[in-house]
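Structure below is structure-v3.cif: mmCIF, C-alpha atoms and all ligand atoms.
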```cif
data_start
loop_
_atom_site.label_atom_id
_atom_site.label_comp_id
_atom_site.auth_asym_id
_atom_site.auth_seq_id
_atom_site.Cartn_x
_atom_site.Cartn_y
_atom_site.Cartn_z
CA MET F 1 5.12 7.65 4.01
CA PHE F 2 4.05 4.43 2.33
CA ALA F 3 0.93 5.05 0.22
CA TYR F 4 -1.59 2.69 -1.31
CA GLY F 5 -3.88 3.60 -4.21
CA ILE F 6 -7.24 1.79 -4.24
CA ILE F 7 -8.48 0.81 -7.69
CA GLY F 8 -11.27 -1.30 -9.16
CA LEU F 9 -14.54 -1.18 -11.07
CA PRO F 10 -17.36 1.05 -9.81
CA ASN F 11 -19.37 -0.56 -7.01
CA ALA F 12 -16.55 -2.92 -6.09
CA GLY F 13 -16.53 -1.54 -2.54
CA LYS F 14 -13.44 0.68 -2.78
CA SER F 15 -14.80 3.54 -0.69
CA THR F 16 -16.34 1.12 1.81
CA LEU F 17 -12.91 -0.44 2.28
CA PHE F 18 -11.25 2.98 2.37
CA ASN F 19 -13.59 4.07 5.18
CA ALA F 20 -12.96 0.87 7.08
CA LEU F 21 -9.19 1.28 6.80
CA THR F 22 -9.05 4.97 7.65
CA ARG F 23 -12.15 5.31 9.82
CA GLY F 24 -13.07 7.77 7.14
CA THR F 25 -16.32 9.20 5.96
CA ALA F 26 -16.02 8.93 2.19
CA ALA F 27 -19.38 8.70 0.43
CA VAL F 28 -20.53 5.15 -0.31
CA ALA F 29 -23.52 4.37 -2.51
CA PRO F 30 -25.11 1.48 -4.42
CA TYR F 31 -24.69 3.27 -7.75
CA PRO F 32 -21.58 3.56 -9.93
CA PHE F 33 -19.28 6.62 -9.85
CA CYS F 34 -20.24 7.58 -6.36
CA THR F 35 -16.61 8.66 -5.92
CA ILE F 36 -15.43 11.42 -8.22
CA GLU F 37 -12.91 13.45 -6.25
CA PRO F 38 -10.24 11.29 -4.58
CA ASN F 39 -10.46 10.48 -0.87
CA LEU F 40 -7.22 10.64 1.08
CA GLY F 41 -6.69 9.14 4.50
CA GLU F 42 -3.82 8.29 6.82
CA VAL F 43 -3.80 5.47 9.32
CA ALA F 44 -1.56 4.47 12.19
CA ILE F 45 0.11 1.16 11.40
CA PRO F 46 -0.89 -1.35 14.09
CA ASP F 47 2.34 -2.37 15.82
CA SER F 48 2.43 -4.62 18.89
CA ARG F 49 6.21 -4.13 19.30
CA LEU F 50 5.72 -0.36 19.58
CA GLU F 51 3.06 -0.93 22.22
CA ALA F 52 5.36 -3.26 24.16
CA ILE F 53 8.24 -0.76 24.02
CA ALA F 54 5.94 2.05 25.16
CA GLN F 55 4.75 -0.02 28.11
CA VAL F 56 8.29 -0.30 29.38
CA ILE F 57 9.54 3.19 28.53
CA GLU F 58 6.32 4.98 29.48
CA PRO F 59 6.96 7.97 27.20
CA GLU F 60 4.74 11.04 27.12
CA LYS F 61 3.95 10.40 23.51
CA VAL F 62 3.77 7.30 21.31
CA THR F 63 3.90 7.92 17.56
CA PRO F 64 3.22 5.02 15.22
CA ALA F 65 4.41 4.85 11.64
CA MET F 66 1.66 5.93 9.26
CA MET F 67 0.31 4.61 5.98
CA ARG F 68 -1.68 6.56 3.41
CA PHE F 69 -4.63 5.36 1.36
CA VAL F 70 -6.00 7.08 -1.73
CA ASP F 71 -9.48 6.08 -2.92
CA ILE F 72 -10.36 7.13 -6.46
CA ALA F 73 -13.21 6.84 -8.95
CA GLY F 74 -13.98 3.48 -10.52
CA LEU F 75 -12.39 2.51 -13.83
CA VAL F 76 -14.62 1.01 -16.50
CA ARG F 77 -14.06 -0.74 -19.81
CA GLY F 78 -13.10 1.99 -22.30
CA ALA F 79 -11.99 4.49 -19.63
CA SER F 80 -8.95 5.39 -21.75
CA LYS F 81 -11.38 6.51 -24.46
CA GLY F 82 -13.39 8.58 -22.03
CA GLU F 83 -15.99 6.01 -20.91
CA GLY F 84 -17.31 6.48 -17.38
CA MET F 85 -15.15 9.03 -15.58
CA GLY F 86 -12.36 8.61 -18.13
CA ASN F 87 -8.88 7.89 -16.79
CA GLN F 88 -7.48 11.35 -15.98
CA PHE F 89 -8.20 10.79 -12.30
CA LEU F 90 -5.50 8.10 -12.27
CA ALA F 91 -3.04 10.99 -11.87
CA HIS F 92 -4.07 10.99 -8.20
CA ILE F 93 -2.36 7.64 -7.67
CA ARG F 94 0.74 8.13 -9.85
CA ASP F 95 2.94 8.57 -6.75
CA VAL F 96 1.67 5.74 -4.56
CA ASP F 97 3.95 2.84 -3.62
CA ALA F 98 1.51 0.02 -4.32
CA LEU F 99 -2.03 -0.64 -5.51
CA ILE F 100 -4.92 -2.39 -3.81
CA HIS F 101 -7.10 -3.78 -6.56
CA VAL F 102 -10.57 -4.34 -5.10
CA LEU F 103 -12.39 -7.17 -6.83
CA ARG F 104 -16.06 -7.61 -6.31
CA CYS F 105 -16.99 -11.02 -4.94
CA PHE F 106 -20.18 -10.07 -3.05
CA PRO F 107 -23.44 -10.94 -4.84
CA ILE F 108 -24.87 -8.75 -7.53
CA ALA F 109 -28.38 -8.98 -6.08
CA ASP F 110 -27.48 -6.32 -3.53
CA VAL F 111 -25.81 -3.71 -5.69
CA SER F 112 -25.61 -3.35 -9.48
CA HIS F 113 -22.47 -4.51 -11.26
CA PRO F 114 -21.17 -2.50 -14.24
CA GLU F 115 -20.65 -5.73 -16.22
CA GLY F 116 -23.96 -7.27 -15.20
CA ASN F 117 -22.65 -10.43 -13.52
CA LEU F 118 -20.10 -11.60 -11.00
CA ASP F 119 -16.73 -12.52 -12.49
CA PRO F 120 -13.79 -11.09 -10.55
CA ALA F 121 -11.09 -12.40 -12.91
CA ARG F 122 -12.74 -10.70 -15.87
CA ASP F 123 -13.14 -7.51 -13.81
CA ALA F 124 -9.45 -7.61 -12.95
CA GLU F 125 -8.54 -7.87 -16.61
CA ILE F 126 -10.78 -4.95 -17.57
CA VAL F 127 -9.20 -2.70 -14.97
CA GLU F 128 -5.67 -3.86 -15.76
CA THR F 129 -6.19 -3.26 -19.45
CA GLU F 130 -7.21 0.29 -18.64
CA LEU F 131 -4.12 0.74 -16.46
CA ILE F 132 -1.96 -0.53 -19.30
CA LEU F 133 -3.59 1.89 -21.74
CA ALA F 134 -3.09 4.77 -19.31
CA ASP F 135 0.60 3.83 -19.01
CA ILE F 136 0.94 3.67 -22.79
CA GLY F 137 -0.40 7.25 -22.84
CA VAL F 138 2.28 8.33 -20.35
CA LEU F 139 4.99 6.55 -22.34
CA GLU F 140 3.87 8.04 -25.67
CA ARG F 141 4.36 11.48 -24.12
CA ARG F 142 7.74 10.42 -22.74
CA ARG F 143 8.61 9.17 -26.21
CA GLU F 144 7.80 12.51 -27.85
CA ARG F 145 9.99 14.28 -25.33
CA LEU F 146 12.87 11.90 -25.98
CA ALA F 147 12.47 12.23 -29.75
CA ARG F 148 12.89 16.00 -29.39
CA MET F 149 15.95 15.50 -27.19
CA LEU F 150 17.53 13.26 -29.85
CA LYS F 151 18.33 16.41 -31.79
CA THR F 152 20.85 17.36 -29.11
CA GLY F 153 22.96 14.46 -30.45
CA ASP F 154 23.48 12.97 -26.99
CA PRO F 155 23.51 9.16 -27.49
CA LYS F 156 21.86 8.49 -24.13
CA TYR F 157 18.53 9.73 -25.55
CA LYS F 158 18.70 7.25 -28.38
CA ALA F 159 19.18 4.35 -25.96
CA GLU F 160 16.38 5.62 -23.75
CA LEU F 161 14.06 6.01 -26.71
CA GLU F 162 14.72 2.45 -27.83
CA LEU F 163 13.97 1.13 -24.36
CA THR F 164 10.79 3.17 -24.18
CA ASP F 165 9.67 1.70 -27.50
CA GLN F 166 10.36 -1.80 -26.19
CA LEU F 167 8.35 -1.08 -23.07
CA ILE F 168 5.44 0.25 -25.15
CA GLU F 169 5.56 -3.00 -27.16
CA HIS F 170 5.57 -4.97 -23.94
CA LEU F 171 2.47 -3.12 -22.72
CA TYR F 172 0.67 -3.55 -26.04
CA GLY F 173 1.21 -7.27 -25.46
CA GLY F 174 -1.08 -6.93 -22.44
CA ARG F 175 1.73 -7.23 -19.91
CA PRO F 176 2.31 -4.89 -16.96
CA ALA F 177 5.43 -2.70 -16.84
CA ARG F 178 6.58 -4.48 -13.67
CA THR F 179 7.40 -7.60 -15.72
CA PHE F 180 9.54 -5.68 -18.26
CA ALA F 181 13.14 -6.86 -18.14
CA GLY F 182 14.88 -3.68 -19.39
CA GLU F 183 16.32 -1.02 -17.09
CA VAL F 184 13.72 1.68 -17.41
CA ASP F 185 12.24 4.35 -15.18
CA LEU F 186 8.98 2.93 -13.81
CA THR F 187 7.96 6.07 -11.90
CA ASP F 188 4.60 7.35 -13.09
CA LEU F 189 3.68 3.93 -14.48
CA LEU F 190 0.75 2.37 -12.67
CA THR F 191 1.47 -1.13 -13.92
CA GLY F 192 5.02 -0.77 -12.61
CA LYS F 193 3.75 -0.80 -9.03
CA PRO F 194 3.19 -3.88 -6.90
CA VAL F 195 -0.47 -4.86 -6.73
CA ILE F 196 -2.42 -6.69 -4.04
CA TYR F 197 -5.78 -8.16 -4.98
CA ALA F 198 -8.39 -7.53 -2.30
CA ALA F 199 -11.31 -9.87 -2.86
CA ASN F 200 -14.36 -8.15 -1.40
CA ILE F 201 -16.25 -11.25 -0.35
CA ALA F 202 -19.79 -11.73 0.93
CA GLU F 203 -20.31 -11.71 4.69
CA GLN F 204 -21.36 -15.37 4.67
CA TYR F 205 -17.85 -16.35 3.55
CA ALA F 206 -15.94 -13.99 5.84
CA ALA F 207 -14.73 -16.77 8.12
CA ARG F 208 -14.17 -19.35 5.35
CA PRO F 209 -13.08 -17.52 2.19
CA GLU F 210 -11.67 -20.70 0.66
CA GLU F 211 -15.25 -21.96 0.25
CA ASP F 212 -16.19 -18.96 -1.88
CA PRO F 213 -15.81 -19.80 -5.58
CA ALA F 214 -15.35 -16.09 -6.37
CA PHE F 215 -12.46 -15.83 -3.90
CA ARG F 216 -10.88 -18.95 -5.33
CA ALA F 217 -11.06 -17.34 -8.77
CA VAL F 218 -9.28 -14.24 -7.43
CA LYS F 219 -6.61 -16.41 -5.80
CA GLU F 220 -5.98 -18.22 -9.03
CA TYR F 221 -5.83 -14.97 -10.99
CA ALA F 222 -3.42 -13.44 -8.47
CA ALA F 223 -1.21 -16.54 -8.50
CA SER F 224 -0.99 -16.43 -12.30
CA ARG F 225 0.45 -12.93 -11.91
CA GLY F 226 2.78 -13.69 -9.04
CA ALA F 227 0.75 -11.45 -6.73
CA ARG F 228 -1.10 -12.06 -3.49
CA ALA F 229 -4.84 -12.20 -2.90
CA VAL F 230 -6.32 -11.03 0.38
CA PRO F 231 -9.92 -11.88 1.31
CA ILE F 232 -11.73 -8.99 2.98
CA CYS F 233 -15.34 -8.22 3.69
CA ALA F 234 -15.56 -4.45 3.36
CA THR F 235 -18.95 -4.09 5.05
CA LEU F 236 -17.85 -6.09 8.11
CA GLU F 237 -14.56 -4.18 8.22
CA ALA F 238 -16.55 -0.95 8.19
CA GLU F 239 -18.48 -2.17 11.25
CA LEU F 240 -15.24 -3.21 12.89
CA ALA F 241 -13.78 0.27 12.37
CA GLU F 242 -16.62 1.74 14.43
CA LEU F 243 -15.61 -0.21 17.53
CA PRO F 244 -13.03 0.61 20.21
CA TRP F 245 -9.89 -1.52 19.87
CA ASP F 246 -10.65 -4.27 22.43
CA GLU F 247 -14.26 -4.64 21.31
CA GLY F 248 -12.94 -4.85 17.75
CA ARG F 249 -10.69 -7.78 18.72
CA ALA F 250 -13.69 -9.54 20.28
CA PHE F 251 -15.77 -8.86 17.15
CA LEU F 252 -13.06 -10.31 14.89
CA LYS F 253 -12.85 -13.39 17.10
CA GLU F 254 -16.61 -13.86 17.01
CA LEU F 255 -16.49 -13.71 13.23
CA GLY F 256 -13.72 -16.27 13.22
CA LEU F 257 -11.21 -13.84 11.70
CA ALA F 258 -7.61 -13.78 12.80
CA ARG F 259 -6.73 -10.33 11.48
CA SER F 260 -8.39 -7.17 10.21
CA ALA F 261 -8.14 -6.03 6.59
CA LEU F 262 -5.85 -3.23 7.76
CA GLU F 263 -3.44 -5.69 9.35
CA GLN F 264 -3.46 -7.91 6.27
CA LEU F 265 -2.90 -5.01 3.89
CA VAL F 266 -0.17 -3.45 6.02
CA GLU F 267 1.66 -6.76 6.06
CA ALA F 268 1.21 -7.28 2.34
CA GLY F 269 2.44 -3.74 1.64
CA TYR F 270 5.50 -4.25 3.85
CA GLN F 271 6.34 -7.45 2.02
CA GLU F 272 5.73 -6.10 -1.48
CA SER F 273 7.84 -3.02 -0.85
CA ASP F 274 10.30 -4.81 1.43
CA LEU F 275 9.89 -2.40 4.34
CA ILE F 276 11.06 -2.80 7.92
CA THR F 277 10.33 -0.87 11.12
CA PHE F 278 12.81 0.68 13.52
CA TYR F 279 12.12 2.60 16.69
CA THR F 280 13.41 5.69 18.46
CA VAL F 281 12.90 6.33 22.18
CA LYS F 282 14.55 9.70 22.54
CA GLY F 283 13.18 12.22 25.03
CA PRO F 284 9.44 12.25 25.56
CA GLU F 285 8.56 10.44 22.32
CA THR F 286 8.67 6.75 21.43
CA ARG F 287 8.21 6.39 17.73
CA ALA F 288 8.08 3.80 14.94
CA TRP F 289 9.58 4.46 11.50
CA ALA F 290 9.01 2.47 8.32
CA ILE F 291 11.98 2.31 5.92
CA PRO F 292 13.09 0.11 3.03
CA ARG F 293 15.19 -2.88 4.09
CA GLY F 294 18.87 -2.15 3.55
CA THR F 295 18.62 1.54 4.51
CA LEU F 296 21.94 2.73 5.94
CA ALA F 297 22.06 4.37 9.37
CA PRO F 298 22.71 7.94 8.11
CA ALA F 299 19.77 7.76 5.69
CA ALA F 300 17.54 6.41 8.45
CA ALA F 301 18.62 9.35 10.63
CA GLY F 302 17.72 11.61 7.71
CA ARG F 303 14.12 10.43 8.00
CA ILE F 304 13.98 12.13 11.38
CA HIS F 305 15.85 15.28 10.37
CA SER F 306 18.12 16.13 7.44
CA ASP F 307 20.67 17.65 9.88
CA MET F 308 20.98 14.26 11.54
CA GLU F 309 21.99 12.69 8.26
CA LYS F 310 24.50 15.44 7.43
CA GLY F 311 26.08 15.44 10.89
CA PHE F 312 25.80 11.69 11.46
CA ILE F 313 28.48 10.32 13.80
CA ARG F 314 27.21 6.91 14.87
CA ALA F 315 24.12 4.98 15.92
CA GLU F 316 23.56 3.27 19.27
CA VAL F 317 21.46 0.21 18.61
CA ILE F 318 19.62 -2.47 20.55
CA ASN F 319 16.98 -4.96 19.46
CA TRP F 320 13.49 -4.09 20.75
CA SER F 321 13.05 -7.28 22.79
CA ALA F 322 16.43 -6.83 24.52
CA LEU F 323 15.41 -3.26 25.36
CA ILE F 324 12.19 -4.53 26.92
CA GLU F 325 14.09 -7.01 29.07
CA LEU F 326 16.47 -4.33 30.32
CA GLY F 327 13.81 -1.70 30.85
CA SER F 328 15.51 1.34 29.36
CA PHE F 329 18.09 2.58 26.90
CA SER F 330 20.35 3.82 29.68
CA ALA F 331 20.23 0.46 31.49
CA ALA F 332 21.35 -1.18 28.25
CA ARG F 333 24.15 1.35 27.90
CA GLY F 334 25.19 0.73 31.52
CA LYS F 335 25.47 -2.99 30.86
CA GLY F 336 27.46 -2.37 27.70
CA ILE F 337 24.82 -4.07 25.58
CA LEU F 338 24.22 -1.20 23.17
CA ARG F 339 25.96 -1.72 19.86
CA LEU F 340 27.82 1.20 18.31
CA GLU F 341 27.29 1.23 14.57
CA GLY F 342 28.78 3.45 11.88
CA ARG F 343 27.79 4.90 8.52
CA ASP F 344 27.70 1.58 6.70
CA TYR F 345 25.35 -0.14 9.16
CA GLN F 346 22.08 -1.34 7.63
CA ILE F 347 19.23 -0.75 10.05
CA GLN F 348 17.55 -4.05 10.99
CA ASP F 349 13.87 -4.73 11.55
CA GLY F 350 13.08 -4.21 15.24
CA ASP F 351 16.15 -2.08 16.00
CA VAL F 352 15.77 0.65 18.61
CA VAL F 353 18.18 3.37 17.59
CA LEU F 354 19.68 6.49 19.13
CA PHE F 355 21.51 8.59 16.54
CA ARG F 356 24.57 10.61 17.53
CA PHE F 357 25.23 13.59 15.30
CA LYS F 358 26.98 16.93 15.37
CA THR F 359 25.07 20.08 14.46
N1 LIG N 401 -23.25 -6.79 0.54
C1 LIG N 401 -22.14 -6.06 0.44
N2 LIG N 401 -22.21 -4.82 -0.06
C2 LIG N 401 -21.09 -4.10 -0.17
C3 LIG N 401 -19.81 -4.60 0.23
N3 LIG N 401 -18.89 -3.67 -0.01
C4 LIG N 401 -19.55 -2.61 -0.53
N4 LIG N 401 -20.86 -2.86 -0.62
C5 LIG N 401 -21.92 -1.97 -1.12
O1 LIG N 401 -21.65 -1.71 -2.49
C6 LIG N 401 -22.02 -0.36 -2.83
C7 LIG N 401 -20.84 0.32 -3.47
O2 LIG N 401 -19.83 0.49 -2.52
P1 LIG N 401 -18.72 1.66 -2.64
O3 LIG N 401 -17.78 1.45 -1.52
O4 LIG N 401 -19.37 2.98 -2.78
O5 LIG N 401 -18.06 1.23 -4.03
P2 LIG N 401 -16.92 1.96 -4.86
O6 LIG N 401 -16.04 0.88 -5.39
O7 LIG N 401 -16.28 3.00 -4.02
O8 LIG N 401 -17.75 2.59 -6.05
P3 LIG N 401 -17.45 3.92 -6.94
O9 LIG N 401 -17.00 5.00 -6.02
O10 LIG N 401 -18.75 4.21 -7.55
O11 LIG N 401 -16.41 3.50 -7.92
C8 LIG N 401 -22.48 0.27 -1.51
O12 LIG N 401 -23.89 0.22 -1.47
C9 LIG N 401 -21.86 -0.61 -0.45
O13 LIG N 401 -22.63 -0.59 0.73
C10 LIG N 401 -19.77 -5.93 0.78
O14 LIG N 401 -18.71 -6.44 1.17
N5 LIG N 401 -20.95 -6.61 0.85
MG MG N 402 -16.12 5.02 -4.27
#
```
Just give me the structure of the file as structure tokens.
Amino acid sequence: MFAYGIIGLPNAGKSTLFNALTRGTAAVAPYPFCTIEPNLGEVAIPDSRLEAIAQVIEPEKVTPAMMRFVDIAGLVRGASKGEGMGNQFLAHIRDVDALIHVLRCFPIADVSHPEGNLDPARDAEIVETELILADIGVLERRRERLARMLKTGDPKYKAELELTDQLIEHLYGGRPARTFAGEVDLTDLLTGKPVIYAANIAEQYAARPEEDPAFRAVKEYAASRGARAVPICATLEAELAELPWDEGRAFLKELGLARSALEQLVEAGYQESDLITFYTVKGPETRAWAIPRGTLAPAAAGRIHSDMEKGFIRAEVINWSALIELGSFSAARGKGILRLEGRDYQIQDGDVVLFRFKT
């Protein structure tokens, strides 16, 4: 399951956003380090195609693809040296697929700011410096391990050690691991993950973020790093999360917002990680699955059950909109419209798939 880690300074609104996204009940407070233990939540990915398919198929059960969010303590300047909550808690987001970096753009009059004034680009740099220092810590440990392995005489360790040293250099230069050119294992490195900047803007700017100087600063900062900036208003999103779906749509419209923070962040995550969605309509369950673009049919089947990957024979495939026109999978089969695809077929976004396999 795709997972996002939520990072930022204390009082940036991380837990408020987390609650809004997950309809969760994480503690939120106007003082720093309200969050100590991580909050974990899973959300159904909003998917209008899944809804449309379900309307036609009328299955007993509709199962959306899910996304996970992990909300952790705030990072402060000097966290790597033990300031604030330190940086050990970053271990809770080592495995996530991407980061949401919450940058405070709402006024400091309401809630104290650990740096004393509003400056989201500076805040971003503070947090990113701490991420870099945490990664250097991970790499130093990797380096020690490799240095011990050198004694085995295997040349691959020497090459790996050299690369690790280059990467450490790169990080000491203030650059994230994701911009390192060498072929090196980025797992466990926080700065190796894609990042999306979530500007937590004041309510007054919710409908016109471009007029907020703080949001413009975030946009500029994000652009300089080849990343995207998403304006969100965490307090309004939290109110939105309280409402039933149709009332929520009306509320968004009233506010002049096209999409919720969840929708924006899901889309950004899909794009950053290059994910697509395919559907299965077998038996009583219609279900959406998120997979990396380019996944081959047997591996996609393996998401459902490992036996289906092992015993894979072929996939019967139809695009979701064609399925809706025809009304059912069997109608499509009757008309000879289903495509039969083999082991080397790459599942496409919007495919509805029935896997054939032997047990
Ligand atoms: N006015 C306003 N207040 C907000 C907004 N987002 C969060 N807050 C308030 O800011 C305070 C801190 O919010 P939290 O969500 O607890 O912040 P956090 O980033 O999780 O903080 P730590 O857990 O301490 O790192 C709370 O009092 C929130 O109600 C916002 O968009 N506008
Ligand atoms: Mg918090």
Can you build me a table of chain F residues sitting at most 6 Å from ligand MG 402 (chain N), with the closest atom pair per residue and its distance in Å to one decimal, using all atoms listed in the file, sorted by chain and residue number, as CSV?
```
residue,atom,partner,partner_atom,distance
F:Lys14,CA,N:MG402,MG,5.3
F:Ser15,CA,N:MG402,MG,4.1
F:Val28,CA,N:MG402,MG,5.9
F:Cys34,CA,N:MG402,MG,5.3
F:Thr35,CA,N:MG402,MG,4.0
F:Ala73,CA,N:MG402,MG,5.8
```
Would you write out, as JSON lines, a table of all residues in chain F that have an atom no more than 9 Å from an atom of ligand LIG 401 (chain N), listing for each the closest atom pair and the distance in Å to one decimal, considering all atoms listed in the file and ordering rows by chain and rising residue number?
```
{"residue": "F:Ile6", "atom": "CA", "partner": "N:LIG401", "partner_atom": "O6", "distance": 8.9}
{"residue": "F:Ile7", "atom": "CA", "partner": "N:LIG401", "partner_atom": "O6", "distance": 7.9}
{"residue": "F:Gly8", "atom": "CA", "partner": "N:LIG401", "partner_atom": "O6", "distance": 6.5}
{"residue": "F:Leu9", "atom": "CA", "partner": "N:LIG401", "partner_atom": "O11", "distance": 5.9}
{"residue": "F:Pro10", "atom": "CA", "partner": "N:LIG401", "partner_atom": "O11", "distance": 3.2}
{"residue": "F:Asn11", "atom": "CA", "partner": "N:LIG401", "partner_atom": "O8", "distance": 3.7}
{"residue": "F:Ala12", "atom": "CA", "partner": "N:LIG401", "partner_atom": "O6", "distance": 3.9}
{"residue": "F:Gly13", "atom": "CA", "partner": "N:LIG401", "partner_atom": "O3", "distance": 3.4}
{"residue": "F:Lys14", "atom": "CA", "partner": "N:LIG401", "partner_atom": "O6", "distance": 3.7}
{"residue": "F:Ser15", "atom": "CA", "partner": "N:LIG401", "partner_atom": "O7", "distance": 3.7}
{"residue": "F:Thr16", "atom": "CA", "partner": "N:LIG401", "partner_atom": "O3", "distance": 3.6}
{"residue": "F:Leu17", "atom": "CA", "partner": "N:LIG401", "partner_atom": "O3", "distance": 6.5}
{"residue": "F:Phe18", "atom": "CA", "partner": "N:LIG401", "partner_atom": "O3", "distance": 7.8}
{"residue": "F:Asn19", "atom": "CA", "partner": "N:LIG401", "partner_atom": "O3", "distance": 8.3}
{"residue": "F:Ala26", "atom": "CA", "partner": "N:LIG401", "partner_atom": "O4", "distance": 8.4}
{"residue": "F:Ala27", "atom": "CA", "partner": "N:LIG401", "partner_atom": "O4", "distance": 6.6}
{"residue": "F:Val28", "atom": "CA", "partner": "N:LIG401", "partner_atom": "O4", "distance": 3.5}
{"residue": "F:Ala29", "atom": "CA", "partner": "N:LIG401", "partner_atom": "O12", "distance": 4.3}
{"residue": "F:Pro30", "atom": "CA", "partner": "N:LIG401", "partner_atom": "O12", "distance": 3.4}
{"residue": "F:Tyr31", "atom": "CA", "partner": "N:LIG401", "partner_atom": "O10", "distance": 6.0}
{"residue": "F:Pro32", "atom": "CA", "partner": "N:LIG401", "partner_atom": "O10", "distance": 3.8}
{"residue": "F:Phe33", "atom": "CA", "partner": "N:LIG401", "partner_atom": "O10", "distance": 3.4}
{"residue": "F:Cys34", "atom": "CA", "partner": "N:LIG401", "partner_atom": "O10", "distance": 3.9}
{"residue": "F:Thr35", "atom": "CA", "partner": "N:LIG401", "partner_atom": "O9", "distance": 3.7}
{"residue": "F:Ile36", "atom": "CA", "partner": "N:LIG401", "partner_atom": "O9", "distance": 7.0}
{"residue": "F:Asp71", "atom": "CA", "partner": "N:LIG401", "partner_atom": "O7", "distance": 7.5}
{"residue": "F:Ile72", "atom": "CA", "partner": "N:LIG401", "partner_atom": "O9", "distance": 7.0}
{"residue": "F:Ala73", "atom": "CA", "partner": "N:LIG401", "partner_atom": "O11", "distance": 4.7}
{"residue": "F:Gly74", "atom": "CA", "partner": "N:LIG401", "partner_atom": "O11", "distance": 3.6}
{"residue": "F:Leu75", "atom": "CA", "partner": "N:LIG401", "partner_atom": "O11", "distance": 7.2}
{"residue": "F:Val102", "atom": "CA", "partner": "N:LIG401", "partner_atom": "O6", "distance": 7.6}
{"residue": "F:Leu103", "atom": "CA", "partner": "N:LIG401", "partner_atom": "O6", "distance": 9.0}
{"residue": "F:Arg104", "atom": "CA", "partner": "N:LIG401", "partner_atom": "N3", "distance": 8.0}
{"residue": "F:Cys105", "atom": "CA", "partner": "N:LIG401", "partner_atom": "O14", "distance": 7.8}
{"residue": "F:Phe106", "atom": "CA", "partner": "N:LIG401", "partner_atom": "N5", "distance": 5.3}
{"residue": "F:Pro107", "atom": "CA", "partner": "N:LIG401", "partner_atom": "N1", "distance": 6.8}
{"residue": "F:Ile108", "atom": "CA", "partner": "N:LIG401", "partner_atom": "N1", "distance": 8.5}
{"residue": "F:Ala109", "atom": "CA", "partner": "N:LIG401", "partner_atom": "N1", "distance": 8.7}
{"residue": "F:Asp110", "atom": "CA", "partner": "N:LIG401", "partner_atom": "N1", "distance": 5.9}
{"residue": "F:Val111", "atom": "CA", "partner": "N:LIG401", "partner_atom": "O1", "distance": 5.6}
{"residue": "F:Ser112", "atom": "CA", "partner": "N:LIG401", "partner_atom": "C6", "distance": 8.1}
{"residue": "F:Asn200", "atom": "CA", "partner": "N:LIG401", "partner_atom": "O14", "distance": 5.3}
{"residue": "F:Ile201", "atom": "CA", "partner": "N:LIG401", "partner_atom": "O14", "distance": 5.6}
{"residue": "F:Ala202", "atom": "CA", "partner": "N:LIG401", "partner_atom": "N5", "distance": 5.3}
{"residue": "F:Glu203", "atom": "CA", "partner": "N:LIG401", "partner_atom": "N5", "distance": 6.4}
{"residue": "F:Ile232", "atom": "CA", "partner": "N:LIG401", "partner_atom": "O14", "distance": 7.6}
{"residue": "F:Cys233", "atom": "CA", "partner": "N:LIG401", "partner_atom": "O14", "distance": 4.6}
{"residue": "F:Ala234", "atom": "CA", "partner": "N:LIG401", "partner_atom": "O14", "distance": 4.3}
{"residue": "F:Thr235", "atom": "CA", "partner": "N:LIG401", "partner_atom": "O14", "distance": 4.5}
{"residue": "F:Leu236", "atom": "CA", "partner": "N:LIG401", "partner_atom": "O14", "distance": 7.0}
{"residue": "F:Glu237", "atom": "CA", "partner": "N:LIG401", "partner_atom": "O14", "distance": 8.5}
{"residue": "F:Ala238", "atom": "CA", "partner": "N:LIG401", "partner_atom": "N3", "distance": 9.0}
```
(message) Report, in Å to a single decimal, how far apart atom CA of Arg49 of chain F and atom CA of Gly350 of chain F are.
(response)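 That distance, rounded to one decimal, is 8.0 Å.
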(message) Need the shell around Gly248 of chain F: protein/DNA/RNA residues with any atom at most 12 Å away, counting all atoms listed in the file. Skip same-chain ones fewer than 3 positions apart. Format as a list in words?
(response)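 Using all atoms listed in the file, the neighbours found are Leu236, Glu237, Ala238, Glu239, Leu240, Ala241, Glu242, Leu243, Pro244, Trp245, Phe251, Leu252, Lys253, Glu254, Leu255, Leu257, Ala258, Arg259 and Ser260 of chain F.
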Would you save the residues of that selection, restricted to C-alpha atoms, as a short mmCIF file (atom, residue, chain, number, x, y, z; two decimals), keeping the file's coordinate frame?
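Output file out34.cif is given in full below:
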```
data_model
loop_
_atom_site.label_atom_id
_atom_site.label_comp_id
_atom_site.auth_asym_id
_atom_site.auth_seq_id
_atom_site.Cartn_x
_atom_site.Cartn_y
_atom_site.Cartn_z
CA LEU F 236 -17.85 -6.09 8.11
CA GLU F 237 -14.56 -4.18 8.22
CA ALA F 238 -16.55 -0.95 8.19
CA GLU F 239 -18.48 -2.17 11.25
CA LEU F 240 -15.24 -3.21 12.89
CA ALA F 241 -13.78 0.27 12.37
CA GLU F 242 -16.62 1.74 14.43
CA LEU F 243 -15.61 -0.21 17.53
CA PRO F 244 -13.03 0.61 20.21
CA TRP F 245 -9.89 -1.52 19.87
CA PHE F 251 -15.77 -8.86 17.15
CA LEU F 252 -13.06 -10.31 14.89
CA LYS F 253 -12.85 -13.39 17.10
CA GLU F 254 -16.61 -13.86 17.01
CA LEU F 255 -16.49 -13.71 13.23
CA LEU F 257 -11.21 -13.84 11.70
CA ALA F 258 -7.61 -13.78 12.80
CA ARG F 259 -6.73 -10.33 11.48
CA SER F 260 -8.39 -7.17 10.21
#
```
